[in-house]
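Structure below is protein-v8.cif: mmCIF, C-alpha atoms.
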```
data_start
#
loop_
_atom_site.label_atom_id
_atom_site.label_comp_id
_atom_site.auth_asym_id
_atom_site.auth_seq_id
_atom_site.Cartn_x
_atom_site.Cartn_y
_atom_site.Cartn_z
CA MET A 51 30.20 -28.71 -5.56
CA ALA A 52 31.06 -32.17 -4.18
CA VAL A 53 34.64 -33.44 -4.62
CA GLU A 54 35.64 -37.11 -4.87
CA VAL A 55 38.35 -37.96 -2.33
CA LEU A 56 39.39 -41.64 -2.23
CA GLY A 57 35.99 -42.68 -3.50
CA ALA A 58 34.06 -40.56 -0.94
CA SER A 59 32.07 -37.43 -1.74
CA VAL A 60 33.22 -34.38 0.25
CA VAL A 61 31.11 -31.19 0.27
CA PRO A 62 33.10 -27.96 0.72
CA ARG A 63 32.51 -26.17 4.04
CA GLY A 64 31.08 -23.01 2.41
CA GLU A 65 28.39 -25.01 0.61
CA ARG A 66 27.49 -26.87 3.80
CA ARG A 67 26.97 -23.54 5.56
CA ARG A 68 24.77 -22.22 2.76
CA ASP A 69 22.67 -25.38 2.81
CA GLY A 70 22.35 -25.20 6.60
CA LYS A 71 20.93 -21.67 6.44
CA TRP A 72 17.70 -23.00 4.93
CA LEU A 73 17.04 -24.91 8.14
CA TRP A 74 16.71 -21.63 10.04
CA VAL A 75 13.86 -20.58 7.75
CA LEU A 76 11.67 -23.52 8.81
CA PRO A 77 10.90 -22.48 12.44
CA PRO A 78 9.51 -19.00 11.56
CA LEU A 79 7.59 -20.47 8.63
CA LEU A 80 6.08 -23.06 10.95
CA VAL A 81 5.09 -20.40 13.50
CA ILE A 82 3.47 -18.28 10.77
CA ALA A 83 1.63 -21.30 9.38
CA VAL A 84 0.23 -22.26 12.79
CA LEU A 85 -0.59 -18.79 14.15
CA VAL A 86 -1.62 -16.96 10.97
CA VAL A 87 -2.25 -19.15 7.94
CA TYR A 88 -4.19 -21.95 9.68
CA PRO A 89 -6.71 -19.62 11.41
CA LEU A 90 -7.23 -17.70 8.16
CA VAL A 91 -7.91 -20.93 6.30
CA LEU A 92 -10.45 -21.95 8.96
CA VAL A 93 -12.20 -18.57 8.67
CA ALA A 94 -12.29 -18.83 4.87
CA VAL A 95 -13.70 -22.39 4.98
CA GLU A 96 -16.31 -21.43 7.58
CA SER A 97 -17.46 -18.50 5.44
CA VAL A 98 -18.24 -20.54 2.30
CA PRO A 99 -21.93 -21.35 3.03
CA ALA A 100 -22.90 -17.75 3.88
CA TRP A 101 -21.31 -15.73 1.08
CA GLY A 102 -24.43 -15.25 -1.02
CA VAL A 103 -26.63 -14.22 1.90
CA VAL A 104 -24.18 -11.80 3.53
CA VAL A 105 -22.70 -10.10 0.47
CA GLY A 106 -26.14 -9.58 -1.04
CA SER A 107 -27.57 -7.91 2.07
CA ALA A 108 -28.07 -4.16 2.39
CA GLU A 109 -26.56 -4.31 5.88
CA PHE A 110 -23.22 -5.47 4.49
CA ARG A 111 -23.18 -2.90 1.68
CA ASP A 112 -23.98 -0.06 4.09
CA ALA A 113 -21.26 -1.19 6.51
CA LEU A 114 -18.70 -1.43 3.69
CA LEU A 115 -19.55 2.05 2.42
CA ARG A 116 -19.52 3.51 5.94
CA THR A 117 -16.14 1.91 6.68
CA VAL A 118 -14.55 3.43 3.59
CA GLN A 119 -16.17 6.84 4.20
CA ILE A 120 -14.95 7.05 7.80
CA ALA A 121 -11.45 5.82 6.93
CA VAL A 122 -10.99 8.28 4.05
CA SER A 123 -12.48 11.23 5.99
CA SER A 124 -10.34 10.48 9.05
CA THR A 125 -7.18 10.15 6.95
CA ILE A 126 -7.80 13.47 5.20
CA GLY A 127 -8.38 15.12 8.57
CA CYS A 128 -5.19 13.61 10.00
CA LEU A 129 -3.17 14.80 7.00
CA ILE A 130 -4.44 18.37 7.34
CA VAL A 131 -4.14 18.64 11.13
CA GLY A 132 -0.88 16.67 11.28
CA THR A 133 0.81 18.77 8.60
CA PHE A 134 -0.27 22.02 10.26
CA LEU A 135 0.95 20.96 13.72
CA ALA A 136 4.22 19.57 12.36
CA VAL A 137 4.95 22.85 10.54
CA VAL A 138 4.17 24.89 13.67
CA ILE A 139 6.34 22.72 15.92
CA SER A 140 9.22 22.62 13.43
CA PHE A 141 9.36 26.19 12.13
CA VAL A 142 7.45 28.45 14.54
CA PRO A 143 9.52 29.01 17.70
CA PHE A 144 7.42 28.96 20.85
CA PRO A 145 8.03 27.92 24.48
CA GLY A 146 7.29 24.27 25.11
CA ALA A 147 7.77 23.03 21.53
CA ARG A 148 9.86 20.12 22.79
CA VAL A 149 7.18 19.19 25.33
CA VAL A 150 4.53 19.14 22.60
CA ALA A 151 6.75 16.95 20.41
CA GLY A 152 7.15 14.57 23.36
CA LEU A 153 3.38 14.43 23.83
CA VAL A 154 3.09 13.30 20.22
CA ASP A 155 5.26 10.29 21.01
CA THR A 156 3.19 9.60 24.14
CA MET A 157 -0.04 9.59 22.14
CA LEU A 158 1.33 6.77 19.98
CA ALA A 159 1.44 4.51 23.05
CA LEU A 160 -2.11 5.12 24.27
CA PRO A 161 -5.08 2.82 23.49
CA SER A 162 -7.70 4.26 21.18
CA PHE A 163 -10.63 3.78 23.58
CA LEU A 164 -9.19 6.50 25.86
CA VAL A 165 -9.98 9.07 23.16
CA ALA A 166 -13.55 7.76 22.94
CA LEU A 167 -13.81 7.91 26.74
CA SER A 168 -12.65 11.51 26.80
CA PHE A 169 -15.24 12.34 24.14
CA THR A 170 -18.01 11.09 26.41
CA PHE A 171 -16.84 13.52 29.12
CA ILE A 172 -16.74 16.40 26.62
CA TYR A 173 -19.68 15.78 24.26
CA GLY A 174 -21.86 13.38 26.25
CA SER A 175 -25.33 14.25 27.52
CA THR A 176 -23.83 14.97 30.95
CA GLY A 177 -20.47 16.19 29.63
CA ILE A 178 -18.94 19.64 29.39
CA LEU A 179 -20.58 20.63 26.10
CA ARG A 180 -23.62 18.35 26.46
CA ALA A 181 -23.73 17.63 22.74
CA GLY A 182 -25.17 14.14 22.96
CA GLY A 183 -26.53 14.31 19.43
CA PHE A 184 -23.06 14.90 18.02
CA LEU A 185 -21.58 12.06 20.08
CA THR A 186 -23.91 9.53 18.43
CA SER A 187 -23.18 10.71 14.87
CA PRO A 188 -20.57 9.37 12.42
CA TRP A 189 -18.79 12.73 12.64
CA ALA A 190 -17.93 11.98 16.26
CA VAL A 191 -16.18 8.80 15.12
CA VAL A 192 -14.26 10.76 12.46
CA LEU A 193 -13.21 13.45 14.96
CA ALA A 194 -12.14 10.82 17.50
CA GLU A 195 -10.06 8.99 14.90
CA VAL A 196 -8.48 12.26 13.73
CA THR A 197 -7.60 13.04 17.36
CA PHE A 198 -6.04 9.63 17.94
CA TYR A 199 -4.32 9.00 14.60
CA THR A 200 -2.93 12.49 13.85
CA PRO A 201 0.35 11.66 15.67
CA PHE A 202 0.89 8.82 13.18
CA VAL A 203 1.14 11.52 10.49
CA MET A 204 3.01 14.04 12.63
CA ARG A 205 5.82 11.72 13.74
CA PRO A 206 7.29 11.00 10.27
CA LEU A 207 6.70 14.63 9.25
CA LEU A 208 8.59 15.96 12.27
CA ALA A 209 11.47 13.61 11.52
CA ALA A 210 11.57 14.68 7.85
CA MET A 211 11.34 18.40 8.67
CA SER A 212 14.15 18.13 11.21
CA ARG A 213 16.45 16.93 8.38
CA LEU A 214 15.64 19.81 6.04
CA PRO A 215 18.75 21.96 5.35
CA ARG A 216 18.16 25.34 6.99
CA ALA A 217 20.38 26.93 4.37
CA GLN A 218 17.88 25.89 1.69
CA LEU A 219 15.08 27.65 3.56
CA ASP A 220 17.22 30.74 4.14
CA VAL A 221 18.12 30.96 0.46
CA ALA A 222 14.47 30.72 -0.55
CA ALA A 223 13.55 33.45 1.94
CA SER A 224 16.43 35.68 0.81
CA LEU A 225 15.17 35.47 -2.78
CA GLY A 226 11.92 37.08 -1.69
CA ALA A 227 9.76 33.99 -1.18
CA GLY A 228 7.16 34.41 1.55
CA PRO A 229 6.46 31.82 4.24
CA TRP A 230 3.55 30.24 2.37
CA ARG A 231 5.57 30.00 -0.84
CA VAL A 232 8.53 28.44 0.99
CA LEU A 233 6.16 25.96 2.59
CA ARG A 234 4.47 25.10 -0.70
CA GLN A 235 7.51 24.97 -2.99
CA VAL A 236 10.33 23.90 -0.68
CA VAL A 237 9.09 22.19 2.49
CA LEU A 238 6.15 20.11 1.26
CA PRO A 239 7.96 18.62 -1.77
CA GLU A 240 10.84 17.55 0.49
CA VAL A 241 8.61 15.90 3.11
CA ARG A 242 6.13 14.37 0.64
CA PRO A 243 7.45 10.78 1.15
CA ALA A 244 6.93 11.10 4.91
CA LEU A 245 3.48 12.58 4.33
CA VAL A 246 2.50 9.72 2.02
CA ALA A 247 3.87 7.11 4.42
CA GLY A 248 2.02 8.58 7.40
CA GLY A 249 -1.20 8.93 5.44
CA SER A 250 -0.97 5.36 4.15
CA LEU A 251 -0.47 3.95 7.64
CA THR A 252 -3.36 6.04 8.97
CA LEU A 253 -5.67 4.87 6.20
CA LEU A 254 -4.90 1.22 6.96
CA LEU A 255 -5.40 1.72 10.70
CA THR A 256 -8.66 3.65 10.41
CA LEU A 257 -10.00 1.08 7.96
CA ASN A 258 -9.71 -1.54 10.70
CA GLU A 259 -10.57 0.64 13.72
CA PHE A 260 -12.90 -1.07 16.19
CA GLY A 261 -12.41 0.32 19.70
CA ILE A 262 -13.45 3.91 18.99
CA VAL A 263 -16.58 2.91 17.06
CA LEU A 264 -17.61 0.38 19.71
CA PHE A 265 -17.02 2.69 22.67
CA LEU A 266 -18.82 5.69 21.17
CA GLY A 267 -21.76 3.55 20.09
CA ALA A 268 -22.70 6.03 17.36
CA LYS A 269 -26.02 5.35 15.67
CA ASN A 270 -26.01 4.29 12.03
CA THR A 271 -22.22 3.90 12.19
CA THR A 272 -21.87 0.18 11.66
CA THR A 273 -18.47 -0.52 10.12
CA LEU A 274 -17.15 -3.88 8.94
CA PRO A 275 -15.24 -4.59 12.20
CA MET A 276 -18.38 -3.71 14.17
CA LEU A 277 -20.45 -5.99 11.94
CA VAL A 278 -18.03 -8.87 12.58
CA HIS A 279 -18.47 -8.30 16.32
CA THR A 280 -22.26 -8.12 16.03
CA LYS A 281 -22.57 -11.23 13.87
CA GLY A 282 -20.07 -13.35 15.78
CA ILE A 283 -20.47 -12.28 19.43
CA VAL A 284 -24.02 -10.93 19.68
CA MET A 285 -25.94 -12.98 17.11
CA PHE A 286 -23.72 -16.13 17.10
CA ASP A 287 -23.79 -16.07 13.30
CA TYR A 288 -20.26 -17.38 12.84
CA PRO A 289 -20.44 -18.08 9.06
CA GLY A 290 -21.71 -14.55 8.47
CA ALA A 291 -19.00 -13.09 10.69
CA CYS A 292 -16.38 -15.10 8.80
CA VAL A 293 -17.60 -13.74 5.45
CA ILE A 294 -17.24 -10.14 6.67
CA ALA A 295 -13.85 -10.95 8.22
CA VAL A 296 -12.60 -12.36 4.90
CA VAL A 297 -13.80 -9.24 3.07
CA GLN A 298 -12.09 -7.03 5.68
CA ILE A 299 -8.83 -8.97 5.31
CA ALA A 300 -9.00 -8.82 1.51
CA LEU A 301 -9.74 -5.09 1.62
CA SER A 302 -6.81 -4.41 3.96
CA LEU A 303 -4.35 -6.58 2.01
CA GLY A 304 -5.47 -5.09 -1.30
CA LEU A 305 -5.05 -1.55 0.00
CA TYR A 306 -1.66 -2.45 1.45
CA ALA A 307 -0.53 -3.89 -1.89
CA VAL A 308 -1.68 -0.77 -3.77
CA LEU A 309 0.02 1.59 -1.32
CA ARG A 310 3.22 -0.45 -1.32
CA THR A 311 3.29 -0.46 -5.12
CA ALA A 312 2.67 3.28 -5.25
CA LEU A 313 5.35 4.02 -2.66
CA GLY A 314 7.80 1.72 -4.43
CA GLY A 315 7.11 3.36 -7.78
CA GLY A 316 7.61 6.82 -6.30
CA ARG A 317 10.89 5.75 -4.70
CA ARG A 318 12.20 4.32 -7.99
CA ALA A 319 11.18 7.49 -9.82
CA ARG A 320 13.19 9.62 -7.37
CA LEU A 321 16.22 7.37 -7.80
CA ASP A 322 16.01 7.64 -11.59
#
```

How would this structure read if it were set down as structure tokens?
Amino acid sequence: MAVEVLGASVVPRGERRRDGKWLWVLPPLLVIAVLVVYPLVLVAVESVPAWGVVVGSAEFRDALLRTVQIAVSSTIGCLIVGTFLAVVISFVPFPGARVVAGLVDTMLALPSFLVALSFTFIYGSTGILRAGGFLTSPWAVVLAEVTFYTPFVMRPLLAAMSRLPRAQLDVAASLGAGPWRVLRQVVLPEVRPALVAGGSLTLLLTLNEFGIVLFLGAKNTTTLPMLVHTKGIVMFDYPGACVIAVVQIALSLGLYAVLRTALGGGRRARLD
């Protein structure tokens, strides 16, 4: 609040500092507006003339359905495999458990196309198994994504399981509960937030996966990111590519909002 001193208005130092803090918000807002908002606006404007043609096409509907199918199937696979491996590493003593846990962290730093490349050496027509038919199927894409994204589920699970009180597990075992019952009634309820967080991240990442699908070149596996590439780079249909890009962005942001709301609701319920 300003104070009159000899006819002049003097603003207290604390208020001047609070007012000055707003100036620091402007540079990041400007960067976001230039690098993120402005390109998105251009894409949205460019897509306006082609909405009716693209959205009404069977090609778009098939790509949308295939994208969701692959993302959901890959996420389910990652949850199953990641939970199993995390339980084994955390609770089944074996030599080299620490090395395996370190490999999980290493996998997080690798590009996704390396998994697709390794699949060509294993399942390709001249590979070890020579299963070329499998390599060109949607199931190859799902398996490749499960292989690459499973560590994104394992890492939070390993961290959550490492914080479980061993006394709690010992008490459950001393009361006659078998390993499967301890896992089902003690371990999984405790690590459920980590499981949900890892699964949510995996679902978002697989929904937008491009490198694995492109590198494998599976037949009849056109996803929305692949369709954007085909329309924009191969066919030079920029309005059509912009329409699909806007749908992909809306789908990702909508899924993110739903998952964030669900996670926030679950967190509030635990606090209550």

Hits from the PyMOL selection byres ((chain A and resi 263) around 9), listed as an mmCIF file with C-alpha atoms, in the frame of the given file:
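Result written to selection_31.cif:
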```cif
data_model
loop_
_atom_site.group_PDB
_atom_site.id
_atom_site.type_symbol
_atom_site.label_atom_id
_atom_site.label_comp_id
_atom_site.auth_asym_id
_atom_site.auth_seq_id
_atom_site.Cartn_x
_atom_site.Cartn_y
_atom_site.Cartn_z
ATOM 1 C CA PHE A 163 -10.630 3.780 23.580
ATOM 2 C CA ALA A 166 -13.550 7.760 22.940
ATOM 3 C CA PRO A 188 -20.570 9.370 12.420
ATOM 4 C CA VAL A 191 -16.180 8.800 15.120
ATOM 5 C CA GLU A 259 -10.570 0.640 13.720
ATOM 6 C CA PHE A 260 -12.900 -1.070 16.190
ATOM 7 C CA GLY A 261 -12.410 0.320 19.700
ATOM 8 C CA ILE A 262 -13.450 3.910 18.990
ATOM 9 C CA LEU A 264 -17.610 0.380 19.710
ATOM 10 C CA PHE A 265 -17.020 2.690 22.670
ATOM 11 C CA LEU A 266 -18.820 5.690 21.170
ATOM 12 C CA GLY A 267 -21.760 3.550 20.090
ATOM 13 C CA ALA A 268 -22.700 6.030 17.360
ATOM 14 C CA THR A 271 -22.220 3.900 12.190
ATOM 15 C CA THR A 272 -21.870 0.180 11.660
ATOM 16 C CA THR A 273 -18.470 -0.520 10.120
ATOM 17 C CA MET A 276 -18.380 -3.710 14.170
#
```

> Could you name the residues that touch Val98 (chain A) at 10 Å or less, counting all atoms listed in the file, but leaving out those on the same chain fewer than 2 positions away, as a list of chain:residue names?
Replying inline: A:Val93, A:Ala94, A:Val95, A:Glu96, A:Ala100, A:Trp101, A:Gly102, A:Pro289, A:Gly290, A:Cys292, A:Val293

>> Considering only C-alpha atoms, can you say which of A:Val75, A:Val308, A:Ala190, A:Ala151 comes closest to Asn270 (chain A)?
In response: A:Ala190

> Residues at most 10 Å from Val137 (chain A), counting all atoms listed in the file, excluding those fewer than 2 positions away in the same chain, as a PyMOL selection string?
Replying inline: chain A and resi 132-135+139-142+204+207-208+211+233+237-238

> What is the distance between CA of Leu193 (chain A) and CA of Trp230 (chain A), in Å to one decimal?
Replying inline: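 So the two atoms, CA of Leu193 (chain A) and CA of Trp230 (chain A), lie 26.9 Å apart.
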
>> Would you pick out the contacts of region 240-242 of chain A at 9 Å or less, using all atoms listed in the file, so that residues sharing its chain but fewer than 3 positions from it are not included, and give the list as an MDAnalysis selection string?
In response: chainID A and resid 206:207 210:211 214 235:237 245:247

Would you mind exporting the chosen residues as a CSV table (one decimal), keeping the file's coordinate frame, restricted to C-alpha atoms?
```csv
chain,number,residue,atom,x,y,z
A,206,PRO,CA,7.3,11.0,10.3
A,207,LEU,CA,6.7,14.6,9.2
A,210,ALA,CA,11.6,14.7,7.8
A,211,MET,CA,11.3,18.4,8.7
A,214,LEU,CA,15.6,19.8,6.0
A,235,GLN,CA,7.5,25.0,-3.0
A,236,VAL,CA,10.3,23.9,-0.7
A,237,VAL,CA,9.1,22.2,2.5
A,245,LEU,CA,3.5,12.6,4.3
A,246,VAL,CA,2.5,9.7,2.0
A,247,ALA,CA,3.9,7.1,4.4
```

> Rounded to one decimal in Å, what is the spacing between CA of Tyr306 (chain A) and CA of Leu254 (chain A)?
Replying inline: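 Calculated distance between CA of Tyr306 (chain A) and CA of Leu254 (chain A) is 7.4 Å.
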
> By how many Å are CA of Val296 (chain A) and CA of Leu257 (chain A) apart?
Replying inline: 14.0 Å

>> Can you tell me which residues surround Ala113 (chain A) at a distance of at most 12 Å, considering all atoms listed in the file, apart from same-chain residues fewer than 3 positions away, and format the answer as a ChimeraX atom specification?
In response: /A:104-105,107-110,116-120,257,270-278,280,294,297-298

Mind writing the picked residues with C-alpha atoms as a CSV table (one decimal), in the coordinates of the input?
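Resulting contents of out.csv:
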```csv
chain,number,residue,atom,x,y,z
A,104,VAL,CA,-24.2,-11.8,3.5
A,105,VAL,CA,-22.7,-10.1,0.5
A,107,SER,CA,-27.6,-7.9,2.1
A,108,ALA,CA,-28.1,-4.2,2.4
A,109,GLU,CA,-26.6,-4.3,5.9
A,110,PHE,CA,-23.2,-5.5,4.5
A,116,ARG,CA,-19.5,3.5,5.9
A,117,THR,CA,-16.1,1.9,6.7
A,118,VAL,CA,-14.6,3.4,3.6
A,119,GLN,CA,-16.2,6.8,4.2
A,120,ILE,CA,-15.0,7.0,7.8
A,257,LEU,CA,-10.0,1.1,8.0
A,270,ASN,CA,-26.0,4.3,12.0
A,271,THR,CA,-22.2,3.9,12.2
A,272,THR,CA,-21.9,0.2,11.7
A,273,THR,CA,-18.5,-0.5,10.1
A,274,LEU,CA,-17.2,-3.9,8.9
A,275,PRO,CA,-15.2,-4.6,12.2
A,276,MET,CA,-18.4,-3.7,14.2
A,277,LEU,CA,-20.4,-6.0,11.9
A,278,VAL,CA,-18.0,-8.9,12.6
A,280,THR,CA,-22.3,-8.1,16.0
A,294,ILE,CA,-17.2,-10.1,6.7
A,297,VAL,CA,-13.8,-9.2,3.1
A,298,GLN,CA,-12.1,-7.0,5.7
```

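Proximity of A:Pro201, A:Gly304, A:Leu73, A:Ser168 to Val150 (chain A), computed with only C-alpha atoms, is greatest for A:Pro201.
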
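Distance check against Arg205 (chain A) using all atoms listed in the file: of A:Ser224, A:Arg234, A:Met157, A:Gly183, the minimum falls on A:Met157.
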